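A.B. asks: For reference, the structure I am asking about is given below.
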There are 4 protein chains.
Amino acid sequence: MVKEVSQKPWGGRFQEETNKFFEDFTESISYDYVLAFAEIKASLVYAKALFNAGLLTSEELSLLEKALLEIEEEIRKGAFIFRKEYEDIHMNLEKALFEKVGEIAYKLHTGRSRNEQVVTDLRLYLVEEEKQIKKLLLEFIRETIIKAEEYFEVVMPGFTHLQHAQPVLFSHWIATYAEAMRFHYERLLDLEKRLKLSPLGSSAFAGCGFPLNREFMAKELGFLAPHPHSVLAVSSRDFALEFVFILTLIMLDLSRLCEELVLWMSQEFSFIDLPDSLCSGSSIMPQKKNPDAAELIRGKTALVLGNLLQLLTLFKNLPLSYNRDMQEDKPPLFQALETTKASLKMATLLIKSLILKKERLENLLKEGYLLATELADYLVTRGIPFRKAHHLTGKIVLYAQKRGKRLEELTLEEFRNFSPLISEDIYNWLTIEHSLKRREIPGGTGRKTVKNYLEDFKKWILKEENP
Amino acid sequence: MVKEVSQKPWGGRFQEETNKFFEDFTESISYDYVLAFAEIKASLVYAKALFNAGLLTSEELSLLEKALLEIEEEIRKGAFIFRKEYEDIHMNLEKALFEKVGEIAYKLHTGRSRNEQVVTDLRLYLVEEEKQIKKLLLEFIRETIIKAEEYFEVVMPGFTHLQHAQPVLFSHWIATYAEAMRFHYERLLDLEKRLKLSPLGSSAFAGCGFPLNREFMAKELGFLAPHPHSVLAVSSRDFALEFVFILTLIMLDLSRLCEELVLWMSQEFSFIDLPDSLCSGSSIMPQKKNPDAAELIRGKTALVLGNLLQLLTLFKNLPLSYNRDMQEDKPPLFQALETTKASLKMATLLIKSLILKKERLENLLKEGYLLATELADYLVTRGIPFRKAHHLTGKIVLYAQKRGKRLEELTLEEFRNFSPLISEDIYNWLTIEHSLKRREIPGGTGRKTVKNYLEDFKKWILKEENP
Amino acid sequence: MVKEVSQKPWGGRFQEETNKFFEDFTESISYDYVLAFAEIKASLVYAKALFNAGLLTSEELSLLEKALLEIEEEIRKGAFIFRKEYEDIHMNLEKALFEKVGEIAYKLHTGRSRNEQVVTDLRLYLVEEEKQIKKLLLEFIRETIIKAEEYFEVVMPGFTHLQHAQPVLFSHWIATYAEAMRFHYERLLDLEKRLKLSPLGSSAFAGCGFPLNREFMAKELGFLAPHPHSVLAVSSRDFALEFVFILTLIMLDLSRLCEELVLWMSQEFSFIDLPDSLCSGSSIMPQKKNPDAAELIRGKTALVLGNLLQLLTLFKNLPLSYNRDMQEDKPPLFQALETTKASLKMATLLIKSLILKKERLENLLKEGYLLATELADYLVTRGIPFRKAHHLTGKIVLYAQKRGKRLEELTLEEFRNFSPLISEDIYNWLTIEHSLKRREIPGGTGRKTVKNYLEDFKKWILKEENP
Amino acid sequence: MVKEVSQKPWGGRFQEETNKFFEDFTESISYDYVLAFAEIKASLVYAKALFNAGLLTSEELSLLEKALLEIEEEIRKGAFIFRKEYEDIHMNLEKALFEKVGEIAYKLHTGRSRNEQVVTDLRLYLVEEEKQIKKLLLEFIRETIIKAEEYFEVVMPGFTHLQHAQPVLFSHWIATYAEAMRFHYERLLDLEKRLKLSPLGSSAFAGCGFPLNREFMAKELGFLAPHPHSVLAVSSRDFALEFVFILTLIMLDLSRLCEELVLWMSQEFSFIDLPDSLCSGSSIMPQKKNPDAAELIRGKTALVLGNLLQLLTLFKNLPLSYNRDMQEDKPPLFQALETTKASLKMATLLIKSLILKKERLENLLKEGYLLATELADYLVTRGIPFRKAHHLTGKIVLYAQKRGKRLEELTLEEFRNFSPLISEDIYNWLTIEHSLKRREIPGGTGRKTVKNYLEDFKKWILKEENP
């Protein structure tokens with residue numbers, strides 16, 4: 001009698017066998033199997049809610065719970081076989097449940113729709129992923145701050161337009177990436193308000209026809225509240241889009257860091273070295289040591305950016321409520337998550353392992369007129385309006401350049417030919433340390449400021465790691 | 001003597017005239033002129049900070065303030081001429097200031113870099129834009145809720161896969177869009193934490209060399225705090241990316257609404273009418289009445305989505321700190337803002353003006369076996385496990401279809417041929433109102449539930465409109 | 001002694017073991033294994049070229065050839081194991097070769113770089129894929145033309161703005177998609193000129209240091225010519241970008257078709273039916289019959305569009321020549337190919353299986369003032385300038401609408417109240433067939449024109465299928 | 001009487017005034033005015049076709065032609081005022097025509113639809129733009145080849161992974177960009193087949209109801225043929241998408257070039273200098289000389305990439321035939337064209353102006369073990385299989401590195417400690433010129449090869465410039 005029930009959950013009305021190619025084309029189990037634990041978790045809660053509403057006996061509940069936990073265990077052990085002919089994770093589990101408890105399995109679908117199941121699973125899954133991403137962000141941040149402290153004394157030329165601009169502490173420069181990631185971390189915290197909403201009880205879109213307790217289900221699942229609107233609950237994936245947007249921001253910042261690592265590893269820059277164990281060589285040029293990991297992170301940024309686009313485009317012009325197009329949200333979502341996690345981990349390893357070539361940086365500081373701004377500022381303190389001081393400094397730089405001299409190598413006389421307002425104390429200004437000292441403004445590159453900044457940052461990390 | 005100072009703020013070091021095509025290619029005043037008021041506001045605050053730090057006399061401060069306010073007034077009146085040869089908004093205003101107060105104008109640039117100016121202006125500008133977008137969202141939401149109440153009694157077929165699925169209150173269905181926009185509204189509120197940070201004092205990227213009070217400047221500008229890191233402050237536009245991401249989400253939801261409006265306006269659907277004043281005709285087919293506005297909003301969604309991509313792509317692989325590439329953030333940002341504001345306004349007008357064809361919807365409810373789920377649920381209450389009940393209902397639907405009957409037109413005998421568990425009360429279940437009544441679950445389409453939902457929503461609107 | 005050679009092709013200079021996570025992060029064999037046959041083909045040709053240049057003995061050549069063919073056979077049988085620790089397809093095959101023939105295997109890399117190998121493999125692979133896509137395009141086109149002929153007699157309302165506009169032959173309307181695909185087919189033919197270029201001999205980027213015959217290798221590989229520039233040959237993937245762009249165009253057109261199929265399957269439209277075997281049902285609503293395949297194709301369009309973006313973004317700001325970022329070209333490329341092939345196949349099946357509801361369409365033609373243009377054109381033939389005729393017709397339509405009459409149901413008197421120029425023959429004009437007859441212009445919807453068009457199209461198909 | 005005709009071309013059926021905001025929202029004249037000349041050209045041809053079909057008298061034709069040419073002249077002079085209340089370019093011109101010739105103007109719309117007009121205008125417009133882009137490509141190519149010849153003698157380190165790899169002629173390296181652009185040039189030639197098709201005669205989508213000569217119109221407009229299918233003709237913008245795709249490829253290659261220019265301008269690389277007239281300075285750092293133009297081109301690449309996406313996304317899920325969404329194709333199309341043209345021009349100027357720092361490059365060649373491949377190849381010629389030779393060379397490089405020696409500075413004894421197969425002639429191999437000489441393979445960096453390549457390229461340019 002049971003056999004009479006078709007393989008498909010929706011087979012009753014249908015008179016033809018499903019076309020084989022159609023089956024392959026529409027299946028999602030090959031990638032949505034990762035939702036299995038979320039599906040089981042949600043089913044356990046749903047079963048309890050059915051029981052509470054008198055739609056399951058306590059015996060039925062026990063049987064279902066036991067069977068669901070068994071299945072979970074089988075999956076964990078790798079003993080569970082997911083089948084394409086059962087389309088998706090929902091039917092694969094329902095089938096397995098049926099094999100264990102017979103028709104009682106079918107009661108679990110009372111008032112429940114795959115529309116709400118899949119979005120509940122996705123939300124549960126992303127809650128776990130979000131935890132992992134936050135953890136990886138903290139690790140990246142911690143290693144960056146540690147590296148900043150390790151090389152606290154080092155000064156490097158700061159860049160704008162990839163041109164030497166002003167001296168800056170290496171620790172200040174590299175901490176930029178930690179700070180950027182802290183912002184993304186906080187974006188994730190904000191997302192939680194929208195992510196941790198329970199669709200259960202929305203059914204296909206109109207709301208469940210049985211009086212289940214949505215508050216109860218939300219709470220049991222670890223969500224903050226039931227989703228406020230049954231149609232929106234099944235129609236929207238904005239929580240996932242926002243998640244992938246944040247992943248994209250993370251990847252973009254990693255791509256910027258990696259661009260710098262690649263530059264710094266070049267023979268021309270030679271700012272850093274990376275251990276052999278994190279580099280590749282060439283199949284033809286034996287002398288090569290390539291920063292492949294950094295390049296790959298840049299490349300993978302393109303993937304995640306495309307994943308975001310895939311998700312956004314999916315929803316353009318889509319009428320309410322559920323449409324099958326939405327099944328395609330999973331491949332880009334999963335790819336974005338995997339790629340970002342691996343890239344964060346890799347970038348953390350790169351930061352942790354990089355070795356600064358201090359001598360090279362020290363030598364560079366002597367070139368390039370990095371202290372020209374100091375000279376201009378000096379002139380300002382002597383009463384020259386900044387724009388004029390800037391202009392005057394430009395001329396002095398040009399003069400020095402032509403003579404192959406650094407600014408501090410000009411004689412006082414030479415200086416005074418440009419402005420009689422310049423006096424002996426100019427040479428105090430034209431040192432790296434003086435330039436840093438002048439920037440003890442909050443957020444700036446002064447040594448004390450940066451030291452305090454790093455200390456505060458470590459406290460923040462500790463707090464987040466031990467909430 | 002003043003003439004000696006070149007037109008360019010950076011001319012001192014340069015020996016050749018700027019190439020004319022280069023000048024055209026690099027200018028931004030043709031679009032960044034909209035930042036003029038933000039630039040003036042920031043300059044007024046910066047002048048005060050310079051005065052507080054003893055870098056301006058009180059007289060100089062007064063002169064600068066007076067001149068800045070005059071310029072503001074001229075711009076407001078349309079009497080100010082922006083010039084391409086002055087590159088950007090910053091230099092246009094500095095030039096104007098110089099014409100009014102002479103060399104004192106040049107003091108305003110003391111310790112200040114365009115790198116921090118432009119990002120400060122952008123933030124100030126976006127704070128104002130964000131207010132406007134929030135206001136437009138509230139208007140959209142309010143009109144949607146009003147429309148929902150206007151047609152509170154109307155039931156329509158709810159759709160999944162663009163197929164009739166279950167009956168749903170029109171008010172519930174249309175409120176989906178209000179709820180979606182409420183989520184975006186809250187995304188904007190979250191953004192404010194990251195948007196309202198003051199870069200002033202970051203200078204080129206290393207921090208200002210003069211001891212300006214960053215807290216003071218942040219407060220005066222209406223920001224929450226100074227930006228915590230000088231390099232990140234000038235290197236990142238993540239606040240703008242996040243803003244445009246939210247705009248994209250708004251547009252995507254508008255595109256979904258407009259897709260439905262276009263469908264509903266078709267001869268086949270005929271769910272709604274729109275006033276002639278919001279439609280266009282055809283240049284060749286005189287009978288046409290086209291929902292052009294809705295189509296254009298769909299089209300404009302593609303623009304905003306592309307703007308987001310433009311902004312994201314811009315930052316891939318960009319080393320720290322400022323690079324000129326970043327100038328190109330403005331065209332997509334401004335296009336996204338203008339397009340979204342206009343689209344929100346247009347969509348609000350469409351919602352407000354749409355006329356529901358109630359009779360047509362009433363007739364539709366009789367077709368399409370919308371109550372099949374009710375029958376299945378009924379069987380569940382008679383003890384049949386859902387999946388079997390579903391299967392059985394499928395067969396009954398097929399049987400009815402073949403005979404051209406609606407479910408409620410089947411005789412009790414016919415029903416009982418499928419299952420003896422069915423009795424007379426099945427006919428109570430097979431009504432639209434009964435189906436609604438069964439969905440008085442929070443978030444569902446029950447009449448009381450939706451009524452309360454709308455009431456609560458109105459309270460929320462009131463609260464937001466009068467904070 | 002052989003063992004001394006490290007696992008990595010580039011190990012000589014390196015002193016530390018490769019980090020395990022780094023190995024996982026950088027490997028590509030998990031997806032580039034599909035290039036195995038291309039790699040073998042290219043290696044066979046490369047070996048011959050080495051032999052011709054005196055760099056291999058005939059015995060060595062024989063050994064290498066035999067081993068390569070054995071490996072090919074093993075892969076074909078599924079007996080070959082690809083290993084992550086060997087990074088990529090190139091090293092996996094080199095290792096296998098070494099196991100078979102010892103050090104001679106190492107000679108195959110003489111003057112050869114992975115930079116040129118991977119791009120040669122990609123080109124060979126895409127040549128095969130391109131053949132398949134062309135074949136699938138022809139099948140889609142053929143089924144579309146067959147369907148057009150099957151329903152040649154049927155007239156439907158043509159749409160603009162999703163509003164009824166003018167009568168059109170169904171065959172003409174549906175053939176739009178065949179014609180669109182013919183354009184894409186021709187885009188592929190154009191691509192071949194750029195795709196079928198042989199990089200072999202480019203080595204890492206500077207050109208091979210041994211005098212290999214590039215013409216010979218190109219010819220043997222079935223390419224049209226050697227690539228003209230060694231640096232560009234290894235730096236560019238424009239041929240792949242162009243390919244994926246064409247795939248995107250194909251998908252966009254499929255998404256438009258599928259949008260129409262979804263519309264046509266709705267209860268409101270009811271233009272078509274699809275066989276049960278190509279539809280899904282609902283897990284909760286037993287009456288549903290959903291056009292899932294069409295929806296999924298729309299969804300998959302988002303994936304391919306994102307793949308294109310991934311590929312394009314990858315190359316932005318990338319300096320010459322090879323950079324490891326480029327490894328990430330493969331996942332989007334392969335996803336785009338697989339998705340497009342499956343979607344084309346599925347769409348062909350949908351076209352082939354769709355059943356037109358002729359009666360429904362016939363009834364629709366009577367509504368909606370589809371012949372209004374005919375009336376306007378009639379007035380033109382009576383000497384009224386078109387814009388005025390259009391305006392007048394607008395008024396007549398409004399008049400008829402208010403009275404619930406179709407245009408042809410108006411009396412001559414009623415017509416003449418609007419214009420005395422209208423006479424009895426107006427009723428000849430106000431028929432569907434007359435309207436078609438007036439459009440025997442090339443490319444138009446006249447019956448003869450479309451018949452000829454379909455005939456010509458079939459000839460073109462035949463020609464392409466049997467070149 | 002004429003006044004009776006409403007402002008709108010489609011006003012007849014409408015009873016309410018168009019809403020003012022709706023008018024602003026839907027207008028396109030603010031950007032489609034650039035199509036004015038194309039519209040006039042097409043109208044002149046259409047008028048002739050009407051005359052040939054007996055739908056205009058010769059007098060009417062003359063009047064229309066005269067008036068159209070007058071309007072053209074007014075536009076050219078800047079004396080024509082485009083008005084928003086007339087929506088678009090089509091109605092603006094029709095109105096102007098009416099003011100000149102009265103009701104005859106209305107005859108020009110006989111059988112003509114804006115659907116075909118706008119796509120005809122676009123195609124005509126793009127034909128002109130395509131000519132310009134081809135011209136700009138040729139100019140870029142010519143200047144690049146000239147620059148290559150100017151510095152023909154210079155050798156530079158070639159890069160992979162931004163690491164020094166092998167010596168390469170600067171002329172060969174820079175010519176990569178010329179070759180890339182030649183491929184894009186040929187893509188444009190291929191596009192012409194699809195671009196130069198005439199939609200005229202397609203009317204709204206069903207074909208024109210009057211027997212106009214489509215061949216005649218196509219020919220007069222300079223097109224290759226009439227578009228083969230009336231529905232596709234008005235529904236598709238694939239020709240524009242393909243155009244913008246090619247523009248995107250062009251921009252991507254420019255972004256790669258500009259990335260290199262920015263690198264080469266850095267203090268660390270110091271490969272090139274650019275004239276002051278093509279650089280900017282800093283508003284705060286007087287010593288800066290920034291390669292802003294190159295940075296902006298990178299930034300603008302993001303814009304064009306986004307434009308492509310905007311265009312592609314627009315068409316996803318759009319049913320046939322014309323939908324108003326398609327109006328939004330113009331802003332991204334026009335932005336892509338303007339941006340690419342300006343960027344090509346700017347890049348050409350940069351190439352033309354760049355000054356190579358020959359001494360710096362010469363010095364660099366001595367560092368970095370650029371000749372390691374030569375050593376490995378040498379070992380191959382002594383009978384060592386390449387992979388082993390590669391490995392051995394790696395060890396020698398490491399040995400040399402530790403001793404701070406270049407390869408050619410090792411003694412024969414030191415070499416022979418690694419392999420007794422090495423003899424005195426190794427020193428002949430370890431020179432830059434020998435390494436170049438070994439690469440006289442077609443497409444490679446051998447001096448003769450490159451010389452011939454440049455000669456052939458110049459011939460190709462000449463041929464294309466004088467077809």
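A note on labels: chains of the structure tokens are A, B, ... as shown, every chain counts residues from 1, and ligands are counted from 1 in their shown order.
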Skipping near chain neighbours, those fewer than 6 positions away, what residues fall within 10 Å of Leu263 (chain D) using only C-alpha atoms, listed as an MDAnalysis selection string?

C.D. replies: (chainID A and resid 161:163 263 268) or (chainID C and resid 319) or (chainID D and resid 257 269:272 291)

A.B. asks: Residues of chain B within 6 Å of chain A, counting only C-alpha atoms, what are they? List them as an MDAnalysis selection string.

C.D. replies: chainID B and resid 12:13 106:107 109:110 160:161 176 206:209 228:230 232 252 255:256 259:260 316:319 321:323 385:387 391 394:395 398 438:439 443:445

A.B. asks: Just the residues within 12 Å of Glu414 (chain A), please, counting only C-alpha atoms, with nothing from its chain fewer than 2 positions along; format it as a PyMOL selection string.

C.D. replies: chain A and resi 395-397+399-400+403+405+407-412+416-420+422-424

A.B. asks: Write a file of the selected residues as a JSON list (two decimals), in the first residue's frame, keeping N, CA, C and O atoms.

C.D. replies:
[["chain", "number", "residue", "atom", "x", "y", "z"],
["A", 395, "LYS", "N", 59.58, 73.93, -5.20],
["A", 395, "LYS", "CA", 60.76, 74.47, -5.88],
["A", 395, "LYS", "C", 62.05, 73.99, -5.24],
["A", 395, "LYS", "O", 63.04, 73.75, -5.93],
["A", 396, "ILE", "N", 62.04, 73.93, -3.91],
["A", 396, "ILE", "CA", 63.25, 73.46, -3.23],
["A", 396, "ILE", "C", 63.53, 72.00, -3.59],
["A", 396, "ILE", "O", 64.67, 71.61, -3.85],
["A", 397, "VAL", "N", 62.48, 71.18, -3.64],
["A", 397, "VAL", "CA", 62.63, 69.77, -4.02],
["A", 397, "VAL", "C", 63.26, 69.67, -5.41],
["A", 397, "VAL", "O", 64.21, 68.91, -5.64],
["A", 399, "TYR", "N", 65.04, 71.84, -6.94],
["A", 399, "TYR", "CA", 66.42, 72.30, -6.84],
["A", 399, "TYR", "C", 67.33, 71.19, -6.31],
["A", 399, "TYR", "O", 68.40, 70.91, -6.85],
["A", 400, "ALA", "N", 66.86, 70.53, -5.24],
["A", 400, "ALA", "CA", 67.66, 69.47, -4.63],
["A", 400, "ALA", "C", 67.82, 68.28, -5.59],
["A", 400, "ALA", "O", 68.90, 67.72, -5.74],
["A", 403, "ARG", "N", 70.40, 68.59, -8.13],
["A", 403, "ARG", "CA", 71.75, 68.47, -7.59],
["A", 403, "ARG", "C", 72.00, 67.11, -6.95],
["A", 403, "ARG", "O", 73.06, 66.87, -6.35],
["A", 405, "LYS", "N", 70.78, 65.90, -4.32],
["A", 405, "LYS", "CA", 70.87, 66.01, -2.87],
["A", 405, "LYS", "C", 69.54, 65.66, -2.21],
["A", 405, "LYS", "O", 68.47, 65.86, -2.80],
["A", 407, "LEU", "N", 66.92, 66.57, 0.92],
["A", 407, "LEU", "CA", 66.56, 67.87, 1.49],
["A", 407, "LEU", "C", 67.49, 68.24, 2.64],
["A", 407, "LEU", "O", 67.98, 69.37, 2.72],
["A", 408, "GLU", "N", 67.72, 67.28, 3.53],
["A", 408, "GLU", "CA", 68.51, 67.59, 4.71],
["A", 408, "GLU", "C", 69.98, 67.82, 4.36],
["A", 408, "GLU", "O", 70.76, 68.24, 5.22],
["A", 409, "GLU", "N", 70.34, 67.54, 3.12],
["A", 409, "GLU", "CA", 71.71, 67.79, 2.70],
["A", 409, "GLU", "C", 71.91, 69.21, 2.14],
["A", 409, "GLU", "O", 73.03, 69.61, 1.85],
["A", 410, "LEU", "N", 70.84, 69.95, 1.97],
["A", 410, "LEU", "CA", 70.97, 71.34, 1.51],
["A", 410, "LEU", "C", 71.57, 72.16, 2.65],
["A", 410, "LEU", "O", 71.31, 71.90, 3.83],
["A", 411, "THR", "N", 72.37, 73.16, 2.27],
["A", 411, "THR", "CA", 72.92, 74.04, 3.31],
["A", 411, "THR", "C", 71.85, 75.05, 3.72],
["A", 411, "THR", "O", 70.87, 75.29, 3.00],
["A", 412, "LEU", "N", 72.09, 75.65, 4.87],
["A", 412, "LEU", "CA", 71.14, 76.65, 5.34],
["A", 412, "LEU", "C", 71.06, 77.79, 4.32],
["A", 412, "LEU", "O", 69.99, 78.33, 4.05],
["A", 416, "ARG", "N", 67.86, 79.31, 2.54],
["A", 416, "ARG", "CA", 67.50, 80.72, 2.72],
["A", 416, "ARG", "C", 67.42, 81.48, 1.40],
["A", 416, "ARG", "O", 66.81, 82.54, 1.32],
["A", 417, "ASN", "N", 68.04, 80.92, 0.38],
["A", 417, "ASN", "CA", 67.85, 81.52, -0.94],
["A", 417, "ASN", "C", 66.38, 81.43, -1.37],
["A", 417, "ASN", "O", 65.89, 82.23, -2.15],
["A", 418, "PHE", "N", 65.72, 80.41, -0.85],
["A", 418, "PHE", "CA", 64.30, 80.25, -1.17],
["A", 418, "PHE", "C", 63.42, 81.05, -0.22],
["A", 418, "PHE", "O", 62.41, 81.61, -0.62],
["A", 419, "SER", "N", 63.83, 81.05, 1.05],
["A", 419, "SER", "CA", 63.06, 81.85, 2.01],
["A", 419, "SER", "C", 63.92, 82.21, 3.19],
["A", 419, "SER", "O", 64.48, 81.34, 3.86],
["A", 420, "PRO", "N", 64.01, 83.47, 3.47],
["A", 420, "PRO", "CA", 64.81, 83.92, 4.61],
["A", 420, "PRO", "C", 64.18, 83.51, 5.94],
["A", 420, "PRO", "O", 64.80, 83.64, 6.98],
["A", 422, "ILE", "N", 63.57, 80.59, 6.84],
["A", 422, "ILE", "CA", 64.12, 79.30, 7.27],
["A", 422, "ILE", "C", 65.35, 79.52, 8.13],
["A", 422, "ILE", "O", 66.24, 80.31, 7.76],
["A", 423, "SER", "N", 65.39, 78.82, 9.27],
["A", 423, "SER", "CA", 66.61, 78.93, 10.08],
["A", 423, "SER", "C", 67.10, 77.55, 10.50],
["A", 423, "SER", "O", 66.52, 76.51, 10.10],
["A", 424, "GLU", "N", 68.14, 77.56, 11.29],
["A", 424, "GLU", "CA", 68.88, 76.35, 11.65],
["A", 424, "GLU", "C", 67.97, 75.19, 12.09],
["A", 424, "GLU", "O", 68.22, 74.02, 11.80]]

A.B. asks: Could you please determine the separation between CA of Asn92 (chain D) and CA of Ile29 (chain D) in Å, to one decimal place?

C.D. replies: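 Computing it gives 8.1 Å between the two atoms.
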
A.B. asks: Expressed in Å to a single decimal, how great is the separation between CA of Ala240 (chain A) and CA of Phe334 (chain A)?

C.D. replies: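 Separation of CA of Ala240 (chain A) and CA of Phe334 (chain A): 10.4 Å.
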
A.B. asks: Fewer than 2 positions away in the same chain doesn't count, so skip those; otherwise give me all residues within 10 Å of Tyr31 (chain D), counting only C-alpha atoms, as a ChimeraX atom specification.

C.D. replies: /D:27-29,33-35,88-89,330-331,334

A.B. asks: Write the residues you've just listed into a file as a PDB file, in the first residue's frame, and include N, CA and C atoms for each of them.

C.D. replies:
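Result file follows (again-v1.pdb):
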ATOM      1  N   GLU D  27      11.156  60.175 -19.591  1.00  0.00           N
ATOM      2  CA  GLU D  27      11.791  60.838 -20.738  1.00  0.00           C
ATOM      3  C   GLU D  27      13.168  60.238 -21.011  1.00  0.00           C
ATOM      4  N   SER D  28      13.570  60.332 -22.270  1.00  0.00           N
ATOM      5  CA  SER D  28      14.928  59.876 -22.604  1.00  0.00           C
ATOM      6  C   SER D  28      15.686  60.933 -23.404  1.00  0.00           C
ATOM      7  N   ILE D  29      15.004  62.033 -23.740  1.00  0.00           N
ATOM      8  CA  ILE D  29      15.651  63.030 -24.613  1.00  0.00           C
ATOM      9  C   ILE D  29      16.921  63.591 -23.994  1.00  0.00           C
ATOM     10  N   TYR D  33      19.266  62.418 -27.304  1.00  0.00           N
ATOM     11  CA  TYR D  33      19.409  63.482 -28.293  1.00  0.00           C
ATOM     12  C   TYR D  33      20.610  63.237 -29.202  1.00  0.00           C
ATOM     13  N   VAL D  34      21.592  62.469 -28.688  1.00  0.00           N
ATOM     14  CA  VAL D  34      22.773  62.219 -29.539  1.00  0.00           C
ATOM     15  C   VAL D  34      22.427  61.379 -30.763  1.00  0.00           C
ATOM     16  N   LEU D  35      21.239  60.792 -30.751  1.00  0.00           N
ATOM     17  CA  LEU D  35      20.823  59.992 -31.904  1.00  0.00           C
ATOM     18  C   LEU D  35      20.191  60.852 -33.007  1.00  0.00           C
ATOM     19  N   ASP D  88      11.217  61.912 -26.219  1.00  0.00           N
ATOM     20  CA  ASP D  88      12.419  61.283 -26.782  1.00  0.00           C
ATOM     21  C   ASP D  88      12.811  61.965 -28.080  1.00  0.00           C
ATOM     22  N   ILE D  89      13.868  61.472 -28.674  1.00  0.00           N
ATOM     23  CA  ILE D  89      14.378  62.075 -29.897  1.00  0.00           C
ATOM     24  C   ILE D  89      13.364  61.974 -31.033  1.00  0.00           C
ATOM     25  N   LYS D 330      20.640  52.794 -23.135  1.00  0.00           N
ATOM     26  CA  LYS D 330      21.436  53.906 -23.667  1.00  0.00           C
ATOM     27  C   LYS D 330      22.449  54.486 -22.680  1.00  0.00           C
ATOM     28  N   PRO D 331      22.060  54.780 -21.431  1.00  0.00           N
ATOM     29  CA  PRO D 331      23.097  55.336 -20.532  1.00  0.00           C
ATOM     30  C   PRO D 331      24.350  54.467 -20.430  1.00  0.00           C
ATOM     31  N   PHE D 334      26.296  54.561 -23.895  1.00  0.00           N
ATOM     32  CA  PHE D 334      26.979  55.824 -24.188  1.00  0.00           C
ATOM     33  C   PHE D 334      28.164  56.032 -23.235  1.00  0.00           C
TER      34      PHE D 334
END

A.B. asks: Identify all residues of region 138-261 of chain B in strand (DSSP E) (DSSP on the backbone) and supply them as a list in words.

C.D. replies: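 Taking region 138-261 of chain B and keeping strand (DSSP E) only, one gets Val155, Met156, Pro157, Gly158, Phe159, Thr160, Gln163, His164, Ala165, Gln166, Pro167, Val168, Leu169, Leu197, Ser198, Ala225 and Pro226 of chain B.
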
A.B. asks: How would you write, as number ranges by chain, the set of residues in region 232-419 of chain C that DSSP gives as alpha helix (DSSP H)?

C.D. replies: C: 232-235, 238-265, 292-315, 330-353, 358-366, 372-381, 386-402, 412-418

A.B. asks: Figure out the distance between CA of Met156 (chain C) and CA of Leu371 (chain C), please, to one decimal in Å.

C.D. replies: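 According to the coordinates, CA of Leu371 (chain C) and CA of Met156 (chain C) are separated by 12.4 Å.
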
A.B. asks: Please provide as a PyMOL selection string all residues within 9 Å of Phe37 (chain A), with the sequence filter that same-chain residues fewer than 3 positions apart are discarded (counting only C-alpha atoms).

C.D. replies: chain A and resi 33-34+40-42+72+75-76+121+125

A.B. asks: Pick from B:Glu328, B:Leu63, B:Lys219, B:Gly54: nearest to Ala293 (chain D), with only C-alpha atoms counted?

C.D. replies: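 Of the candidates, the smallest distance to Ala293 (chain D) is held by B:Glu328.
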